[in-house]
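J.: Encoded as structure tokens, here's the structure I'll be asking about.
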Amino acid sequence: MADIKIFNEIRDILLNYAEVEPEEINRETDLIEDLGMDSFSFISMLGDVEETFSISISEEDMEEATHMITPGDIIRFVEKKVA
């Protein structure tokens, strides 16, 4: 799956959780500082990522997932899961 396609899908998901314009989200945007996500919205967002990319985030994956702080981190995680 192309990196830009994954980024666009993730950006669309993040727009459901943040009151920002699409152009304000890039690969280095901080999910907490820039988008104001809290733990509840983060977990909900992960559910949307699972559904969008038809992946499953296991308990073992959650350790890695909780360290994702940018869309770039999410892209790398999704790429590993769909590979």
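In the structure tokens, chains take the letters A, B, ... in the order shown, each chain's residues start at 1, and ligands count up from 1 in the order shown.
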Neighbours of A:Arg11 within 12 Å (only C-alpha atoms; same-chain residues fewer than 6 positions away dropped), as a list in words?
T.: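 Listing them by chain and then by number gives Ile4, Lys5, Tyr17, Ala18, Val20, Glu21, Pro22, Glu23, Glu24, Ile25, Asn26, Arg27, Glu28, Thr29, Leu31, Leu35, Met45, Asp48, Val49, Thr52, Thr70, Pro71, Gly72, Ile74 and Ile75 of chain A.
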J.: Go ahead and save the residues from that selection, with N, CA and C atoms, as a PDB file, in the first residue's frame.
T.:
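Done, and the output landed in result-v6.pdb:
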```pdb
ATOM      1  N   ILE A   4       1.589   7.438   0.660  1.00  0.00           N
ATOM      2  CA  ILE A   4       0.719   8.618   0.609  1.00  0.00           C
ATOM      3  C   ILE A   4      -0.739   8.221   0.803  1.00  0.00           C
ATOM      4  N   LYS A   5      -1.122   7.049   0.307  1.00  0.00           N
ATOM      5  CA  LYS A   5      -2.499   6.583   0.496  1.00  0.00           C
ATOM      6  C   LYS A   5      -2.752   6.310   1.980  1.00  0.00           C
ATOM      7  N   TYR A  17     -11.185  13.429  15.075  1.00  0.00           N
ATOM      8  CA  TYR A  17     -10.847  13.599  16.486  1.00  0.00           C
ATOM      9  C   TYR A  17     -10.250  14.968  16.811  1.00  0.00           C
ATOM     10  N   ALA A  18      -9.996  15.768  15.811  1.00  0.00           N
ATOM     11  CA  ALA A  18      -9.354  17.064  16.049  1.00  0.00           C
ATOM     12  C   ALA A  18     -10.057  18.137  15.218  1.00  0.00           C
ATOM     13  N   VAL A  20      -9.111  20.678  13.371  1.00  0.00           N
ATOM     14  CA  VAL A  20      -8.066  21.350  12.599  1.00  0.00           C
ATOM     15  C   VAL A  20      -8.386  21.162  11.121  1.00  0.00           C
ATOM     16  N   GLU A  21      -7.723  21.949  10.306  1.00  0.00           N
ATOM     17  CA  GLU A  21      -7.862  21.818   8.864  1.00  0.00           C
ATOM     18  C   GLU A  21      -6.946  20.687   8.387  1.00  0.00           C
ATOM     19  N   PRO A  22      -7.316  20.001   7.301  1.00  0.00           N
ATOM     20  CA  PRO A  22      -6.492  18.889   6.813  1.00  0.00           C
ATOM     21  C   PRO A  22      -5.026  19.256   6.591  1.00  0.00           C
ATOM     22  N   GLU A  23      -4.768  20.462   6.106  1.00  0.00           N
ATOM     23  CA  GLU A  23      -3.385  20.854   5.826  1.00  0.00           C
ATOM     24  C   GLU A  23      -2.559  21.069   7.103  1.00  0.00           C
ATOM     25  N   GLU A  24      -3.209  21.089   8.261  1.00  0.00           N
ATOM     26  CA  GLU A  24      -2.493  21.229   9.528  1.00  0.00           C
ATOM     27  C   GLU A  24      -1.935  19.900  10.031  1.00  0.00           C
ATOM     28  N   ILE A  25      -2.308  18.808   9.370  1.00  0.00           N
ATOM     29  CA  ILE A  25      -1.825  17.489   9.768  1.00  0.00           C
ATOM     30  C   ILE A  25      -0.770  17.034   8.772  1.00  0.00           C
ATOM     31  N   ASN A  26       0.421  16.752   9.296  1.00  0.00           N
ATOM     32  CA  ASN A  26       1.491  16.188   8.483  1.00  0.00           C
ATOM     33  C   ASN A  26       2.083  15.003   9.232  1.00  0.00           C
ATOM     34  N   ARG A  27       3.109  14.418   8.702  1.00  0.00           N
ATOM     35  CA  ARG A  27       3.690  13.216   9.308  1.00  0.00           C
ATOM     36  C   ARG A  27       4.280  13.455  10.693  1.00  0.00           C
ATOM     37  N   GLU A  28       4.614  14.702  11.003  1.00  0.00           N
ATOM     38  CA  GLU A  28       5.247  15.021  12.287  1.00  0.00           C
ATOM     39  C   GLU A  28       4.308  15.715  13.284  1.00  0.00           C
ATOM     40  N   THR A  29       3.050  15.853  12.946  1.00  0.00           N
ATOM     41  CA  THR A  29       2.088  16.468  13.846  1.00  0.00           C
ATOM     42  C   THR A  29       1.992  15.648  15.131  1.00  0.00           C
ATOM     43  N   LEU A  31       0.146  14.119  18.113  1.00  0.00           N
ATOM     44  CA  LEU A  31      -1.247  13.774  18.357  1.00  0.00           C
ATOM     45  C   LEU A  31      -1.804  14.432  19.615  1.00  0.00           C
ATOM     46  N   LEU A  35      -2.979  18.085  18.210  1.00  0.00           N
ATOM     47  CA  LEU A  35      -4.364  17.699  17.934  1.00  0.00           C
ATOM     48  C   LEU A  35      -5.221  17.570  19.187  1.00  0.00           C
ATOM     49  N   MET A  45      -9.433   6.074  17.994  1.00  0.00           N
ATOM     50  CA  MET A  45      -8.743   6.254  16.723  1.00  0.00           C
ATOM     51  C   MET A  45      -8.086   4.943  16.288  1.00  0.00           C
ATOM     52  N   ASP A  48     -10.544   2.807  14.670  1.00  0.00           N
ATOM     53  CA  ASP A  48     -10.794   3.249  13.297  1.00  0.00           C
ATOM     54  C   ASP A  48      -9.676   2.807  12.365  1.00  0.00           C
ATOM     55  N   VAL A  49      -8.438   2.832  12.847  1.00  0.00           N
ATOM     56  CA  VAL A  49      -7.291   2.377  12.049  1.00  0.00           C
ATOM     57  C   VAL A  49      -7.448   0.886  11.744  1.00  0.00           C
ATOM     58  N   THR A  52     -10.274   0.570   9.096  1.00  0.00           N
ATOM     59  CA  THR A  52      -9.911   1.140   7.797  1.00  0.00           C
ATOM     60  C   THR A  52      -8.918   0.271   7.045  1.00  0.00           C
ATOM     61  N   THR A  70       2.917  10.482  16.416  1.00  0.00           N
ATOM     62  CA  THR A  70       2.723  11.261  15.191  1.00  0.00           C
ATOM     63  C   THR A  70       2.027  10.396  14.140  1.00  0.00           C
ATOM     64  N   PRO A  71       1.434  11.024  13.124  1.00  0.00           N
ATOM     65  CA  PRO A  71       0.893  10.239  12.014  1.00  0.00           C
ATOM     66  C   PRO A  71       1.968   9.373  11.353  1.00  0.00           C
ATOM     67  N   GLY A  72       3.197   9.848  11.310  1.00  0.00           N
ATOM     68  CA  GLY A  72       4.288   9.050  10.755  1.00  0.00           C
ATOM     69  C   GLY A  72       4.472   7.749  11.512  1.00  0.00           C
ATOM     70  N   ILE A  74       2.099   6.148  13.087  1.00  0.00           N
ATOM     71  CA  ILE A  74       0.948   5.315  12.742  1.00  0.00           C
ATOM     72  C   ILE A  74       1.164   4.680  11.365  1.00  0.00           C
ATOM     73  N   ILE A  75       1.696   5.453  10.416  1.00  0.00           N
ATOM     74  CA  ILE A  75       1.977   4.934   9.070  1.00  0.00           C
ATOM     75  C   ILE A  75       2.929   3.747   9.157  1.00  0.00           C
TER      76      ILE A  75
END
```
J.: A:Val78: which residues within 10 Å, counting only C-alpha atoms, same-chain residues fewer than 3 positions away excluded, as a PyMOL selection string?
T.: chain A and resi 1+3+6+10+49-50+53-55+57+72-75+81-83
J.: With N, CA and C atoms retained, export the selected residues as a compact mmCIF listing (two decimals), in the first residue's frame.
T.:
```
# COMPACT_ATOMS: atom_id res chain seq x y z
N MET A 1 0.86 -1.18 0.00
CA MET A 1 0.00 0.00 0.00
C MET A 1 0.90 1.23 0.00
N ASP A 3 2.56 4.74 0.62
CA ASP A 3 2.72 5.57 1.81
C ASP A 3 1.74 6.76 1.80
N ILE A 6 -1.80 5.67 2.64
CA ILE A 6 -1.93 5.41 4.08
C ILE A 6 -2.01 6.74 4.83
N ILE A 10 -5.09 7.98 7.21
CA ILE A 10 -4.86 8.31 8.62
C ILE A 10 -5.26 9.75 8.90
N VAL A 49 -8.44 2.83 12.85
CA VAL A 49 -7.29 2.38 12.05
C VAL A 49 -7.45 0.89 11.74
N GLU A 50 -7.82 0.10 12.76
CA GLU A 50 -8.04 -1.34 12.54
C GLU A 50 -9.08 -1.57 11.45
N PHE A 53 -7.94 -0.26 7.75
CA PHE A 53 -6.88 -1.01 7.10
C PHE A 53 -7.05 -2.53 7.23
N SER A 54 -8.18 -2.96 7.80
CA SER A 54 -8.47 -4.39 7.98
C SER A 54 -7.32 -5.11 8.67
N ILE A 55 -6.88 -4.51 9.79
CA ILE A 55 -5.83 -5.12 10.59
C ILE A 55 -6.36 -5.36 11.99
N ILE A 57 -5.15 -5.17 16.03
CA ILE A 57 -4.13 -4.71 16.97
C ILE A 57 -4.25 -5.57 18.22
N GLY A 72 3.20 9.85 11.31
CA GLY A 72 4.29 9.05 10.75
C GLY A 72 4.47 7.75 11.51
N ASP A 73 4.33 7.80 12.84
CA ASP A 73 4.42 6.58 13.65
C ASP A 73 3.29 5.62 13.29
N ILE A 74 2.10 6.15 13.09
CA ILE A 74 0.95 5.31 12.74
C ILE A 74 1.16 4.68 11.36
N ILE A 75 1.70 5.45 10.42
CA ILE A 75 1.98 4.93 9.07
C ILE A 75 2.93 3.75 9.16
N LYS A 81 1.95 -3.96 9.78
CA LYS A 81 0.82 -4.87 9.95
C LYS A 81 0.27 -5.40 8.63
N VAL A 82 0.33 -4.60 7.58
CA VAL A 82 -0.22 -5.03 6.29
C VAL A 82 0.82 -5.72 5.41
N ALA A 83 2.07 -5.72 5.85
CA ALA A 83 3.14 -6.33 5.04
C ALA A 83 3.03 -7.84 5.04
```
J.: Can you list, as a ChimeraX atom specification, every residue of chain A that DSSP puts in helix (DSSP H, G or I)?
T.: /A:3-15,22-24,39-53,59-65,71-82
J.: Go ahead and save the residues from that selection, with C-alpha atoms, as a PDB file, in the first residue's frame.
T.:
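Output below, filename selection-v4.pdb:
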```pdb
ATOM      1  CA  ASP A   3       2.717   5.570   1.813  1.00  0.00           C
ATOM      2  CA  ILE A   4       0.719   8.618   0.609  1.00  0.00           C
ATOM      3  CA  LYS A   5      -2.499   6.583   0.496  1.00  0.00           C
ATOM      4  CA  ILE A   6      -1.934   5.413   4.077  1.00  0.00           C
ATOM      5  CA  PHE A   7      -1.166   8.988   5.156  1.00  0.00           C
ATOM      6  CA  ASN A   8      -4.362  10.312   3.542  1.00  0.00           C
ATOM      7  CA  GLU A   9      -6.466   7.614   5.226  1.00  0.00           C
ATOM      8  CA  ILE A  10      -4.859   8.309   8.617  1.00  0.00           C
ATOM      9  CA  ARG A  11      -5.286  12.069   8.184  1.00  0.00           C
ATOM     10  CA  ASP A  12      -8.984  11.509   7.440  1.00  0.00           C
ATOM     11  CA  ILE A  13      -9.314   9.407  10.603  1.00  0.00           C
ATOM     12  CA  LEU A  14      -7.519  12.040  12.703  1.00  0.00           C
ATOM     13  CA  LEU A  15      -9.814  14.774  11.377  1.00  0.00           C
ATOM     14  CA  PRO A  22      -6.492  18.889   6.813  1.00  0.00           C
ATOM     15  CA  GLU A  23      -3.385  20.854   5.826  1.00  0.00           C
ATOM     16  CA  GLU A  24      -2.493  21.229   9.528  1.00  0.00           C
ATOM     17  CA  SER A  39      -6.306   8.486  25.847  1.00  0.00           C
ATOM     18  CA  PHE A  40      -9.974   7.824  25.051  1.00  0.00           C
ATOM     19  CA  SER A  41      -9.811   9.449  21.613  1.00  0.00           C
ATOM     20  CA  PHE A  42      -6.497   7.682  20.933  1.00  0.00           C
ATOM     21  CA  ILE A  43      -8.003   4.243  21.638  1.00  0.00           C
ATOM     22  CA  SER A  44     -11.051   5.111  19.519  1.00  0.00           C
ATOM     23  CA  MET A  45      -8.743   6.254  16.723  1.00  0.00           C
ATOM     24  CA  LEU A  46      -6.876   2.928  16.893  1.00  0.00           C
ATOM     25  CA  GLY A  47     -10.202   1.147  16.406  1.00  0.00           C
ATOM     26  CA  ASP A  48     -10.794   3.249  13.297  1.00  0.00           C
ATOM     27  CA  VAL A  49      -7.291   2.377  12.049  1.00  0.00           C
ATOM     28  CA  GLU A  50      -8.037  -1.336  12.544  1.00  0.00           C
ATOM     29  CA  GLU A  51     -11.279  -1.046  10.604  1.00  0.00           C
ATOM     30  CA  THR A  52      -9.911   1.140   7.797  1.00  0.00           C
ATOM     31  CA  PHE A  53      -6.878  -1.014   7.099  1.00  0.00           C
ATOM     32  CA  GLU A  59      -2.451  -6.925  23.159  1.00  0.00           C
ATOM     33  CA  GLU A  60       1.202  -7.360  22.213  1.00  0.00           C
ATOM     34  CA  ASP A  61       0.828  -4.618  19.578  1.00  0.00           C
ATOM     35  CA  MET A  62      -0.650  -2.223  22.137  1.00  0.00           C
ATOM     36  CA  GLU A  63       2.772  -1.693  23.754  1.00  0.00           C
ATOM     37  CA  GLU A  64       4.088  -0.375  20.434  1.00  0.00           C
ATOM     38  CA  ALA A  65       0.840   1.443  19.643  1.00  0.00           C
ATOM     39  CA  PRO A  71       0.893  10.239  12.014  1.00  0.00           C
ATOM     40  CA  GLY A  72       4.288   9.050  10.755  1.00  0.00           C
ATOM     41  CA  ASP A  73       4.417   6.582  13.654  1.00  0.00           C
ATOM     42  CA  ILE A  74       0.948   5.315  12.742  1.00  0.00           C
ATOM     43  CA  ILE A  75       1.977   4.934   9.070  1.00  0.00           C
ATOM     44  CA  ARG A  76       4.998   2.807  10.031  1.00  0.00           C
ATOM     45  CA  PHE A  77       2.823   0.678  12.339  1.00  0.00           C
ATOM     46  CA  VAL A  78       0.186   0.103   9.634  1.00  0.00           C
ATOM     47  CA  GLU A  79       2.837  -0.704   7.023  1.00  0.00           C
ATOM     48  CA  LYS A  80       4.266  -3.402   9.328  1.00  0.00           C
ATOM     49  CA  LYS A  81       0.818  -4.866   9.954  1.00  0.00           C
ATOM     50  CA  VAL A  82      -0.221  -5.035   6.293  1.00  0.00           C
TER      51      VAL A  82
END
```
